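Structure file my_file37.cif (mmCIF, C-alpha atoms) follows.
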data_query
loop_
_atom_site.label_atom_id
_atom_site.label_comp_id
_atom_site.auth_asym_id
_atom_site.auth_seq_id
_atom_site.Cartn_x
_atom_site.Cartn_y
_atom_site.Cartn_z
CA MET A 1 -5.73 12.14 29.49
CA ASN A 2 -6.55 11.01 25.95
CA LYS A 3 -3.58 13.01 24.65
CA ILE A 4 -1.23 11.76 27.34
CA SER A 5 -1.93 8.05 26.82
CA PRO A 6 -0.75 7.94 23.18
CA ARG A 7 2.43 9.75 24.19
CA ILE A 8 3.12 7.16 26.86
CA SER A 9 2.49 4.39 24.33
CA ILE A 10 4.87 6.00 21.84
CA PHE A 11 7.55 6.33 24.53
CA LEU A 12 7.16 2.70 25.55
CA SER A 13 7.28 1.52 21.95
CA ARG A 14 10.54 3.40 21.43
CA HIS A 15 12.11 1.76 24.47
CA LYS A 16 10.93 -1.83 24.33
CA PHE A 17 14.41 -2.95 25.36
CA ILE A 18 13.76 -1.56 28.87
CA ASN A 19 12.55 -4.14 31.37
CA LYS A 20 10.88 -3.58 34.73
CA GLY A 21 14.20 -3.38 36.55
CA HIS A 22 15.44 -0.79 34.08
CA TYR A 23 12.46 1.47 34.78
CA LEU A 24 13.07 1.19 38.52
CA PHE A 25 16.73 2.00 37.93
CA LEU A 26 15.89 5.19 36.01
CA ILE A 27 13.32 6.28 38.60
CA GLY A 28 15.92 5.75 41.32
CA LEU A 29 18.37 7.98 39.46
CA ILE A 30 15.78 10.75 39.17
CA PHE A 31 15.45 10.86 42.98
CA LEU A 32 19.18 10.39 43.66
CA PRO A 33 20.35 13.95 44.57
CA SER A 34 17.14 15.23 46.15
CA ALA A 35 15.69 12.22 48.01
CA LEU A 36 18.32 9.53 48.63
CA PRO A 37 16.12 7.20 50.77
CA ILE A 38 13.47 7.05 48.02
CA SER A 39 16.16 6.63 45.39
CA ALA A 40 17.76 3.81 47.38
CA ILE A 41 14.50 1.84 47.45
CA PHE A 42 14.15 1.94 43.67
CA LEU A 43 17.84 1.30 43.01
CA PHE A 44 18.00 -1.58 45.49
CA THR A 45 14.97 -3.23 43.90
CA ALA A 46 16.48 -2.74 40.44
CA LEU A 47 19.75 -4.22 41.70
CA ILE A 48 18.05 -7.36 43.06
CA ILE A 49 16.23 -7.85 39.75
CA SER A 50 19.47 -7.43 37.82
CA LEU A 51 21.54 -9.75 40.02
CA ARG A 52 18.88 -12.46 39.86
CA SER A 53 18.61 -12.32 36.08
CA SER A 54 22.30 -11.97 35.30
CA PHE A 55 23.81 -14.20 38.01
CA ARG A 56 24.59 -17.02 35.57
CA GLU A 57 26.26 -14.57 33.20
CA PHE A 58 28.71 -13.33 35.85
CA ASN A 59 32.24 -13.59 34.53
CA LEU A 60 34.98 -14.04 37.11
CA ASN A 61 37.56 -12.18 35.05
CA LYS A 62 40.66 -10.42 36.37
CA ILE A 63 38.84 -7.16 37.15
CA ASN A 64 35.96 -8.80 39.01
CA PHE A 65 38.39 -11.06 40.86
CA LEU A 66 40.20 -7.95 42.12
CA LEU A 67 37.02 -6.68 43.77
CA ILE A 68 36.49 -10.03 45.49
CA ILE A 69 40.06 -9.90 46.84
CA VAL A 70 39.42 -6.34 48.06
CA ILE A 71 36.29 -7.48 49.92
CA ILE A 72 38.24 -10.23 51.67
CA LEU A 73 41.08 -7.87 52.63
CA MET A 74 38.64 -5.27 53.98
CA LEU A 75 36.94 -7.87 56.16
CA ILE A 76 40.29 -9.17 57.48
CA SER A 77 41.41 -5.60 58.20
CA ASN A 78 38.29 -4.93 60.27
CA PHE A 79 38.66 -8.12 62.28
CA ARG A 80 42.32 -7.34 63.00
CA TYR A 81 41.34 -3.87 64.20
CA LEU A 82 39.29 -5.38 67.01
CA PHE A 83 42.31 -7.23 68.40
CA SER A 84 45.39 -5.21 67.46
CA SER A 85 44.64 -1.46 67.63
CA PRO A 86 46.23 0.47 70.53
CA ALA A 87 43.73 0.94 73.35
CA VAL A 88 43.91 4.72 73.10
CA PHE A 89 42.53 4.59 69.56
CA VAL A 90 39.93 1.85 70.01
CA GLN A 91 36.46 3.37 70.20
CA GLU A 92 33.92 2.10 72.70
CA ASP A 93 31.47 1.72 69.85
CA ASN A 94 33.13 -0.32 67.11
CA SER A 95 30.10 -0.15 64.85
CA SER A 96 31.59 2.69 62.78
CA ILE A 97 34.30 0.49 61.28
CA TRP A 98 31.68 -2.01 60.16
CA ILE A 99 29.33 0.68 58.93
CA ASP A 100 32.15 1.96 56.73
CA LEU A 101 32.10 -1.36 54.85
CA PHE A 102 28.64 -0.37 53.60
CA ASN A 103 30.35 2.47 51.75
CA TRP A 104 32.19 -0.13 49.69
CA ILE A 105 30.99 -3.72 49.53
CA PRO A 106 27.32 -3.02 48.57
CA LEU A 107 28.61 -0.54 45.98
CA PHE A 108 30.73 -3.28 44.42
CA PHE A 109 27.52 -5.25 43.89
CA CYS A 110 25.93 -2.14 42.40
CA TYR A 111 28.85 -1.98 39.96
CA TRP A 112 28.25 -5.60 38.95
CA GLY A 113 24.45 -5.45 38.87
CA PHE A 114 23.86 -2.10 37.17
CA GLN A 115 25.96 -3.02 34.14
CA SER A 116 22.93 -4.84 32.75
CA TYR A 117 21.15 -1.46 32.55
CA LEU A 118 24.09 0.23 30.80
CA LYS A 119 24.90 -2.21 28.00
CA THR A 120 24.15 0.00 25.01
CA GLU A 121 24.52 3.64 24.07
CA LYS A 122 20.73 3.96 24.18
CA ASN A 123 20.80 2.72 27.77
CA ARG A 124 23.45 5.25 28.71
CA GLU A 125 21.60 8.06 26.92
CA LEU A 126 18.51 7.34 29.02
CA VAL A 127 20.63 7.40 32.17
CA ALA A 128 22.12 10.75 31.13
CA LYS A 129 18.63 12.18 30.60
CA ALA A 130 17.44 10.78 33.94
CA LEU A 131 20.36 12.49 35.66
CA ILE A 132 19.51 15.77 33.93
CA ILE A 133 15.94 15.46 35.24
CA SER A 134 17.31 14.60 38.69
CA SER A 135 19.22 17.88 38.70
CA LEU A 136 16.11 20.04 38.32
CA PRO A 137 15.49 20.08 42.11
CA VAL A 138 19.17 20.93 42.60
CA ILE A 139 18.88 23.89 40.22
CA ALA A 140 15.60 24.95 41.86
CA SER A 141 17.22 24.90 45.30
CA CYS A 142 20.12 27.02 43.99
CA ILE A 143 17.70 29.52 42.41
CA GLY A 144 15.78 29.77 45.67
CA GLN A 145 18.93 30.19 47.73
CA VAL A 146 20.63 32.80 45.52
CA TRP A 147 17.75 34.85 44.15
CA PHE A 148 14.87 34.41 46.60
CA ASP A 149 16.64 33.89 49.96
CA TRP A 150 15.09 30.50 50.57
CA TYR A 151 17.09 29.17 53.49
CA GLY A 152 16.66 25.81 55.17
CA PRO A 153 17.08 23.24 56.33
CA PHE A 154 13.88 21.84 54.82
CA THR A 155 13.05 18.35 56.06
CA THR A 156 10.43 15.72 55.36
CA LEU A 157 9.74 12.05 56.13
CA ASN A 158 10.73 12.60 59.77
CA GLY A 159 14.13 14.01 58.82
CA LEU A 160 15.09 11.31 56.31
CA ILE A 161 15.17 13.85 53.48
CA VAL A 162 16.93 17.16 54.12
CA TRP A 163 17.46 20.10 51.78
CA PHE A 164 20.05 22.27 53.51
CA ASN A 165 19.94 25.56 51.55
CA LYS A 166 22.28 27.18 54.03
CA SER A 167 21.95 30.90 54.70
CA ALA A 168 25.69 31.57 54.97
CA ILE A 169 26.78 31.38 51.31
CA ALA A 170 29.81 33.70 51.36
CA ASN A 171 32.11 30.73 50.70
CA GLY A 172 29.88 29.40 47.95
CA ILE A 173 26.29 28.30 47.45
CA THR A 174 25.18 24.88 48.64
CA GLY A 175 21.72 24.41 47.12
CA LEU A 176 20.10 21.38 48.73
CA PHE A 177 23.50 19.91 49.67
CA SER A 178 25.29 20.31 53.00
CA ASN A 179 28.29 22.28 51.69
CA PRO A 180 29.53 24.05 48.54
CA ASN A 181 31.98 21.28 47.58
CA TYR A 182 29.15 18.76 47.44
CA ALA A 183 27.05 21.07 45.29
CA GLY A 184 30.03 21.66 43.02
CA PHE A 185 30.66 17.91 42.78
CA TRP A 186 27.12 17.16 41.63
CA LEU A 187 26.88 20.03 39.16
CA ALA A 188 30.31 19.29 37.68
CA SER A 189 29.48 15.58 37.33
CA ILE A 190 26.22 16.35 35.52
CA TRP A 191 27.68 19.12 33.34
CA PRO A 192 28.95 16.77 30.57
CA PHE A 193 25.50 15.19 30.31
CA ALA A 194 23.92 18.64 29.98
CA VAL A 195 26.31 19.28 27.08
CA PHE A 196 25.32 15.94 25.54
CA SER A 197 21.60 16.70 25.84
CA LEU A 198 22.06 20.09 24.19
CA SER A 199 24.15 18.57 21.39
CA GLU A 200 21.18 16.38 20.47
CA ARG A 201 18.74 19.30 20.29
CA LYS A 202 20.78 22.45 19.79
CA LYS A 203 17.83 24.85 19.54
CA ASN A 204 15.96 23.58 22.58
CA ILE A 205 15.51 26.58 24.89
CA PHE A 206 15.02 24.42 27.98
CA LEU A 207 18.31 22.57 27.40
CA ILE A 208 20.18 25.82 26.72
CA LEU A 209 18.79 27.28 29.95
CA ASN A 210 19.57 24.05 31.80
CA LEU A 211 23.25 24.05 30.76
CA SER A 212 23.56 27.77 31.46
CA LEU A 213 22.15 27.46 34.98
CA ILE A 214 24.27 24.41 35.80
CA THR A 215 27.39 26.28 34.67
CA TYR A 216 26.41 29.47 36.51
CA PHE A 217 25.61 27.81 39.81
CA LEU A 218 28.64 25.54 39.51
CA ILE A 219 30.83 28.67 39.45
CA LEU A 220 28.89 30.12 42.39
CA THR A 221 29.79 27.08 44.52
CA ASN A 222 33.30 28.54 44.50
CA SER A 223 34.68 25.01 44.17
CA ARG A 224 38.01 24.93 42.37
CA ASN A 225 37.62 21.18 41.80
CA ALA A 226 34.31 21.76 40.04
CA ILE A 227 35.69 24.51 37.80
CA LEU A 228 38.76 22.45 36.91
CA GLY A 229 36.41 19.54 36.24
CA ILE A 230 34.48 21.37 33.53
CA LEU A 231 37.77 22.55 32.02
CA PHE A 232 38.89 18.93 31.64
CA SER A 233 35.43 18.01 30.35
CA THR A 234 35.56 20.74 27.71
CA ILE A 235 38.90 19.44 26.46
CA LEU A 236 37.56 15.89 26.21
CA LEU A 237 34.27 16.88 24.59
CA VAL A 238 35.40 19.47 22.00
CA GLY A 239 39.12 18.82 21.65
CA ILE A 240 42.15 20.82 22.65
CA LYS A 241 42.05 23.24 19.67
CA VAL A 242 38.46 24.37 20.27
CA PHE A 243 39.15 24.53 24.00
CA LEU A 244 42.13 26.85 23.47
CA ILE A 245 40.00 29.15 21.31
CA ILE A 246 37.26 29.27 23.96
CA ALA A 247 39.85 29.81 26.69
CA LEU A 248 41.44 32.66 24.72
CA PHE A 249 38.11 34.49 24.40
CA LEU A 250 37.37 33.97 28.10
CA ILE A 251 40.80 35.29 29.10
CA ILE A 252 40.34 38.37 26.91
CA PHE A 253 36.88 38.91 28.40
CA LEU A 254 38.13 38.60 31.98
CA ILE A 255 41.12 40.87 31.38
CA SER A 256 38.82 43.45 29.81
CA LEU A 257 36.42 43.21 32.71
CA LEU A 258 39.12 43.58 35.35
CA SER A 259 40.70 46.46 33.43
CA LEU A 260 37.31 48.16 33.16
CA ASN A 261 36.89 47.81 36.90
CA ASN A 262 40.31 49.37 37.54
CA PHE A 263 39.65 52.36 35.27
CA VAL A 264 35.96 52.98 35.90
CA GLY A 265 35.82 51.72 39.47
CA LEU A 266 32.65 49.67 39.14
CA GLU A 267 31.22 48.48 42.39
CA GLU A 268 31.69 44.78 43.05
CA GLU A 269 27.97 44.45 43.81
CA ILE A 270 27.16 45.78 40.33
CA LEU A 271 29.48 43.27 38.71
CA ASN A 272 27.99 40.46 40.78
CA ASN A 273 24.62 41.16 39.18
CA PHE A 274 26.07 40.01 35.85
CA ILE A 275 28.82 37.53 36.67
CA PRO A 276 30.24 35.90 39.83
CA TYR A 277 32.97 38.54 40.03
CA ARG A 278 34.17 37.73 43.54
CA HIS A 279 34.91 34.14 42.49
CA ILE A 280 36.89 35.27 39.45
CA LYS A 281 38.72 37.69 41.71
CA ARG A 282 39.56 34.81 44.02
CA PHE A 283 41.31 32.97 41.20
CA THR A 284 43.15 36.09 39.98
CA ASN A 285 44.39 36.63 43.52
CA PHE A 286 46.09 33.19 43.39
CA ALA A 287 43.58 31.43 45.59
CA PHE A 288 45.53 28.22 45.09
CA LEU A 289 48.04 29.63 47.58
CA SER A 290 45.42 30.27 50.26
CA ASN A 291 45.77 29.25 53.89
CA ARG A 292 43.95 25.99 53.22
CA ILE A 293 46.82 24.49 51.26
CA PRO A 294 49.25 24.09 54.21
CA VAL A 295 46.47 22.47 56.25
CA ARG A 296 45.72 20.03 53.43
CA LEU A 297 49.41 19.21 53.03
CA ASP A 298 49.72 18.67 56.78
CA VAL A 299 46.84 16.20 56.63
CA PHE A 300 48.50 14.35 53.72
CA TYR A 301 51.87 14.33 55.51
CA ARG A 302 50.47 12.96 58.76
CA ALA A 303 48.30 10.40 56.96
CA ILE A 304 51.33 9.06 55.05
CA ASN A 305 53.31 8.75 58.30
CA PHE A 306 50.43 6.87 59.95
CA ILE A 307 50.15 4.54 56.97
CA LYS A 308 53.87 3.70 57.25
CA LEU A 309 53.24 2.38 60.75
CA ARG A 310 50.49 -0.01 59.58
CA PRO A 311 51.01 -0.48 55.84
CA ILE A 312 49.32 -3.86 55.37
CA TRP A 313 46.05 -3.80 57.30
CA GLY A 314 45.56 -0.12 58.12
CA TRP A 315 44.16 1.49 61.27
CA GLY A 316 40.43 1.02 60.78
CA ALA A 317 37.70 3.29 59.46
CA SER A 318 36.75 6.48 61.35
CA ILE A 319 39.97 6.39 63.41
CA PHE A 320 41.71 9.16 61.47
CA PRO A 321 40.08 12.13 63.32
CA ILE A 322 41.21 10.69 66.66
CA ILE A 323 44.76 9.83 65.66
CA TYR A 324 45.18 13.11 63.77
CA LEU A 325 44.34 15.23 66.82
CA SER A 326 46.43 13.02 69.11
CA SER A 327 49.47 13.54 66.87
CA GLY A 328 49.33 17.34 67.12
CA GLY A 329 46.76 18.27 64.49
CA ASP A 330 45.01 21.48 65.44
CA ILE A 331 41.72 21.19 63.53
CA ASP A 332 38.77 18.82 63.61
CA ILE A 333 39.12 16.90 60.35
CA GLN A 334 37.10 13.82 59.41
CA HIS A 335 39.16 12.19 56.67
CA THR A 336 42.45 12.34 54.76
CA HIS A 337 41.04 14.37 51.83
CA ASN A 338 42.46 11.86 49.34
CA ILE A 339 40.65 8.65 48.49
CA ASN A 340 43.87 6.64 47.99
CA LEU A 341 45.28 7.72 51.35
CA GLU A 342 41.88 7.14 52.94
CA LEU A 343 41.78 3.54 51.75
CA ALA A 344 45.41 2.92 52.73
CA PHE A 345 44.85 4.39 56.20
CA ASN A 346 41.59 2.51 56.83
CA TYR A 347 42.31 -0.84 55.20
CA GLY A 348 45.99 -0.92 54.24
CA ILE A 349 48.11 -0.24 51.18
CA PRO A 350 47.16 -3.50 49.34
CA VAL A 351 43.47 -2.49 49.30
CA SER A 352 44.34 1.01 48.12
CA LEU A 353 46.63 -0.28 45.36
CA LEU A 354 44.16 -2.91 44.14
CA LEU A 355 41.27 -0.44 43.89
CA THR A 356 43.55 2.15 42.26
CA TYR A 357 44.61 -0.43 39.68
CA PHE A 358 40.98 -1.51 39.20
CA ILE A 359 39.79 2.03 38.45
CA SER A 360 42.89 2.96 36.41
CA ASN A 361 42.42 -0.15 34.26
CA ILE A 362 38.84 0.85 33.46
CA LEU A 363 39.80 4.46 32.74
CA VAL A 364 42.72 3.58 30.44
CA ARG A 365 40.92 0.88 28.46
CA SER A 366 37.74 2.89 28.02
CA PHE A 367 39.76 5.98 27.04
CA LYS A 368 41.41 4.05 24.20
CA LEU A 369 38.02 2.92 22.96
CA ILE A 370 36.08 6.15 23.30
CA PHE A 371 38.69 8.50 21.88
CA PHE A 372 40.50 6.28 19.36
CA ASP A 373 37.85 3.87 18.05
CA LYS A 374 35.24 5.40 15.72
CA LYS A 375 32.70 2.79 16.73
CA TYR A 376 32.67 4.08 20.31
CA ASN A 377 33.56 7.73 19.64
CA SER A 378 30.08 9.12 20.36
CA ILE A 379 29.18 12.22 22.33
CA ILE A 380 27.36 10.18 24.99
CA ASN A 381 30.43 8.00 25.57
CA LYS A 382 32.67 11.08 25.72
CA SER A 383 30.30 12.71 28.19
CA TRP A 384 30.18 9.55 30.27
CA TYR A 385 33.97 9.37 30.41
CA SER A 386 34.24 13.08 31.25
CA SER A 387 31.80 12.74 34.13
CA THR A 388 33.65 9.71 35.50
CA LEU A 389 36.97 11.52 35.30
CA ILE A 390 35.54 14.49 37.24
CA VAL A 391 34.37 12.12 39.98
CA ILE A 392 37.83 10.51 40.21
CA LEU A 393 39.76 13.79 40.20
CA TYR A 394 37.44 15.33 42.79
CA ASN A 395 38.20 12.56 45.28
CA LEU A 396 41.94 13.02 44.94
CA THR A 397 41.76 16.29 46.90
CA ASP A 398 38.44 16.06 48.75
CA VAL A 399 36.72 12.80 49.66
CA THR A 400 33.09 13.39 48.68
CA TYR A 401 32.65 9.63 48.30
CA TYR A 402 31.14 9.14 51.77
CA ASP A 403 27.89 10.79 50.77
CA GLY A 404 25.67 7.95 49.56
CA LYS A 405 24.35 9.76 46.50
CA PHE A 406 27.89 10.47 45.30
CA SER A 407 29.24 6.97 45.88
CA LEU A 408 26.26 5.51 44.00
CA LEU A 409 26.84 7.88 41.10
CA SER A 410 30.56 7.01 41.08
CA TRP A 411 30.02 3.27 40.75
CA ILE A 412 27.23 3.69 38.20
CA LEU A 413 29.60 5.73 36.03
CA LEU A 414 32.34 3.12 36.39
CA ALA A 415 29.82 0.40 35.52
CA GLY A 416 28.96 2.32 32.35
CA LEU A 417 32.61 2.48 31.26
CA GLN A 418 33.01 -1.23 31.99
CA SER A 419 29.93 -1.91 29.85
CA ILE A 420 31.64 -0.12 26.94
CA ILE A 421 34.73 -2.28 27.45
CA LYS A 422 32.60 -5.42 27.67
CA SER A 423 30.77 -4.59 24.43
CA CYS A 424 34.17 -4.29 22.77
CA GLU A 425 35.34 -7.60 24.21
CA ASN A 426 32.23 -9.27 22.79
CA ASN A 427 33.15 -7.86 19.39
CA LEU A 428 35.86 -10.07 17.87
CA ILE A 429 37.23 -7.33 15.62
CA CYS A 430 37.72 -4.93 18.53
CA GLU A 431 41.17 -4.71 20.06
CA ILE A 432 42.08 -2.85 23.24
#
Do you think you could lay out the structure here as structure tokens?
Amino acid sequence: MNKISPRISIFLSRHKFINKGHYLFLIGLIFLPSALPISAIFLFTALIISLRSSFREFNLNKINFLLIIVIILMLISNFRYLFSSPAVFVQEDNSSIWIDLFNWIPLFFCYWGFQSYLKTEKNRELVAKALIISSLPVIASCIGQVWFDWYGPFTTLNGLIVWFNKSAIANGITGLFSNPNYAGFWLASIWPFAVFSLSERKKNIFLILNLSLITYFLILTNSRNAILGILFSTILLVGIKVFLIIALFLIIFLISLLSLNNFVGLEEEILNNFIPYRHIKRFTNFAFLSNRIPVRLDVFYRAINFIKLRPIWGWGASIFPIIYLSSGGDIDIQHTHNINLELAFNYGIPVSLLLTYFISNILVRSFKLIFFDKKYNSIINKSWYSSTLIVILYNLTDVTYYDGKFSLLSWILLAGLQSIIKSCENNLICEI
């Protein structure tokens, strides 16, 4: 204990800028992927502290005004649903359309409130490290699932916390998440921060192992979105020239491996002991043209046609599965698989366009700063932008947003980019 106390004192002295709310915020992030209810308690408390202390500093600029307009339009859309939806589509229990608002409006307040904990690069570095720590249970669950046959679900707190660890992993590992796409989303989002942590301490064995395991299990999720996400991240973090060199070596390696398999006839099980061969094989067999693509396009096509019928106010949240099946859809599908279409279907095109503009504005302005202004061109800012971009791209083809841990992470990342923009706006010599 005598040795631990001085270390705690040193840590606290290094981070005097952190207030009580900031500590709660970081603790909440550490529990985010593995224990959402516990995480929510800490994050909610941190949010209340932040909103109380920064309320007078709130600036009703164009971007913040957009979110207020979106809130009003969402509320109007829900009220109209109660009186104008065809009887065949109106559910006996209308609570779902109001519950869906909790996926958005509270998160807007998180975006506003959490910016106070993301003002500086030091703040964002601490968040990155907290997220790396938060991923240790995720990695542990993947290790248990793949190498030790630990299958769940594992529950605690009367079912509030569930680690799924599904036994059927032929389509990709899940770890503690409910499906491979969710696992891929989390690992891909954290991957840039793992690169950042390793860049700070290049010879740290733990960080090398951490990045290696995140990359390995990310590939094992068999999520194309996740793999494409780290490709985009690599380009943003190291530049296109270095990326092309790395890609060239990987292509040569894969061609050599596949050629070796054709000539020697190595068993696929043997190859799987060294690399995720079946997943590489899936890509080389043009998996992008698999049977899932027509289904996804059919969902997009039908969603667009539905939106045309109610372009202004939408149909209401949670109605899509009902209307999709009633229109001839032959599978049980829960959403439109595109966040823009989802918003347009649920709340109308104006809401979708306003939020698209809101996010695009943040992405474009922060991109100019992070990649063209030396003052902001740090590895943590690049990692932050890369992670945010992965989150956005992921939701263009698969709406992972409705999982609370992912929506929280999404708005925290956007809040971090807005904090970078705000720090520039407070600097008179900065132009964006």
Query raised in the report: Could you work out how far atom CA of A:Gly316 lies from atom CA of A:Arg80, giving the answer in Å with one decimal?
Result: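 Taking atom CA of A:Arg80 as the start and atom CA of A:Gly316 as the end point, the length is 8.9 Å.
Between atom CA of A:Tyr401 and atom CA of A:Tyr376 the separation is 28.5 Å.
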Query raised in the report: Restricting the calculation to only C-alpha atoms, which member of A:Phe320, A:Phe65, A:Phe164, A:Trp112 is positioned closest to A:Ser419?
Result: A:Trp112
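Nearest residue to A:Ala415 among A:Tyr111, A:Trp315, A:Tyr402, A:Phe306 is A:Tyr111, counting only C-alpha atoms.
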I'd like the box whose edges run along x, y and z of the file and which contains every listed atom of stretch 400-414 of chain A, padded by 6 Å per side; could you state its centre and edge lengths in Å, one decimal, as JSON?
{"center_x": 28.7, "center_y": 8.3, "center_z": 43.9, "size_x": 20.7, "size_y": 22.3, "size_z": 27.7}
Query - Residue neighbourhood A:Gln334, 12 Å, all atoms listed in the file, exclusion window fewer than 2 positions, as a PyMOL selection string - result: chain A and resi 299+303+317-325+329+331-332+336-338+342+398-400+402
Report task. Please identify all polymer residues within 12 Å of A:Ser199, counting all atoms listed in the file, omitting same-chain residues fewer than 2 positions from it, and present them as a ChimeraX atom specification. Result -> /A:192-197,201-204,207-208,211,237-238,378-380,383
Kindly save the residues from that selection, with C-alpha atoms included, as a PDB file, in the frame of the given file.
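Below is the file part03.pdb, written as the result:
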ATOM      1  CA  PRO A 192      28.950  16.770  30.570  1.00  0.00           C
ATOM      2  CA  PHE A 193      25.500  15.190  30.310  1.00  0.00           C
ATOM      3  CA  ALA A 194      23.920  18.640  29.980  1.00  0.00           C
ATOM      4  CA  VAL A 195      26.310  19.280  27.080  1.00  0.00           C
ATOM      5  CA  PHE A 196      25.320  15.940  25.540  1.00  0.00           C
ATOM      6  CA  SER A 197      21.600  16.700  25.840  1.00  0.00           C
ATOM      7  CA  ARG A 201      18.740  19.300  20.290  1.00  0.00           C
ATOM      8  CA  LYS A 202      20.780  22.450  19.790  1.00  0.00           C
ATOM      9  CA  LYS A 203      17.830  24.850  19.540  1.00  0.00           C
ATOM     10  CA  ASN A 204      15.960  23.580  22.580  1.00  0.00           C
ATOM     11  CA  LEU A 207      18.310  22.570  27.400  1.00  0.00           C
ATOM     12  CA  ILE A 208      20.180  25.820  26.720  1.00  0.00           C
ATOM     13  CA  LEU A 211      23.250  24.050  30.760  1.00  0.00           C
ATOM     14  CA  LEU A 237      34.270  16.880  24.590  1.00  0.00           C
ATOM     15  CA  VAL A 238      35.400  19.470  22.000  1.00  0.00           C
ATOM     16  CA  SER A 378      30.080   9.120  20.360  1.00  0.00           C
ATOM     17  CA  ILE A 379      29.180  12.220  22.330  1.00  0.00           C
ATOM     18  CA  ILE A 380      27.360  10.180  24.990  1.00  0.00           C
ATOM     19  CA  SER A 383      30.300  12.710  28.190  1.00  0.00           C
TER      20      SER A 383
END
Requested in this report: Skip A:Ile38 itself and residues of its chain fewer than 6 positions away, then list as JSON, numbers by chain all residues within 8 Å of it, counting all atoms listed in the file.
Outcome: {"A": [28, 31, 32]}
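The set of residues that the PyMOL selection byres ((chain A and resi 30) around 7) takes from this file is Leu26, Ile27, Gly28, Leu29, Phe31, Leu32, Ala130, Leu131, Ile133 and Ser134 of chain A.
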Requested in this report: Between A:Thr155, A:Ser410, A:Asn78, A:Asn59, single out the one closest to A:Cys110, counting all atoms listed in the file.
Outcome: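 Closest to A:Cys110 of all the choices is A:Ser410.
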Requested in this report: Name the residues that the PyMOL selection byres ((chain A and resi 359) around 12) pulls out of this structure, and write them as a ChimeraX atom specification.
Outcome: /A:63-64,66-67,111,340,352-358,360-366,388-389,391-393,410-411,413-415,417-418
Query raised in the report: Between atom CA of A:Phe232 and atom CA of A:Leu408, what is the distance, to one decimal in Å?
Result: 22.2 Å
Report task. Identify all residues satisfying the PyMOL selection byres ((chain A and resi 135) around 12) in the given file; provide them as a ChimeraX atom specification. Result -> /A:29-35,128-134,136-142,175-177,183,186-191,193-194,210-211,213-214,217
Query raised in the report: Which is closest to A:Trp163 among A:Leu36, A:Met74, A:Arg56, A:Glu125, if we use all atoms listed in the file?
Result: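 Smallest separation from A:Trp163 among the options: A:Leu36.
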Query raised in the report: Leaving out stretch 168-172 of chain A and any residue of its chain fewer than 5 positions from it, which residues lie within 7 Å of it when counting all atoms listed in the file, given as a list in words?
Result: Pro180, Leu220, Thr221 and Asn222 of chain A
**Report entry** Pick from A:Tyr81, A:Gly416, A:Ser327, A:Leu198 nearest to A:Ser212, counting all atoms listed in the file
**Finding:** A:Leu198
Query raised in the report: So which residues fall inside 10 Å of (43.7, -4.2, 55.0) if we count all atoms listed in the file? Mind giving them as a VMD selection string?
Result: chain A and resid 70 to 81 310 to 316 343 to 352
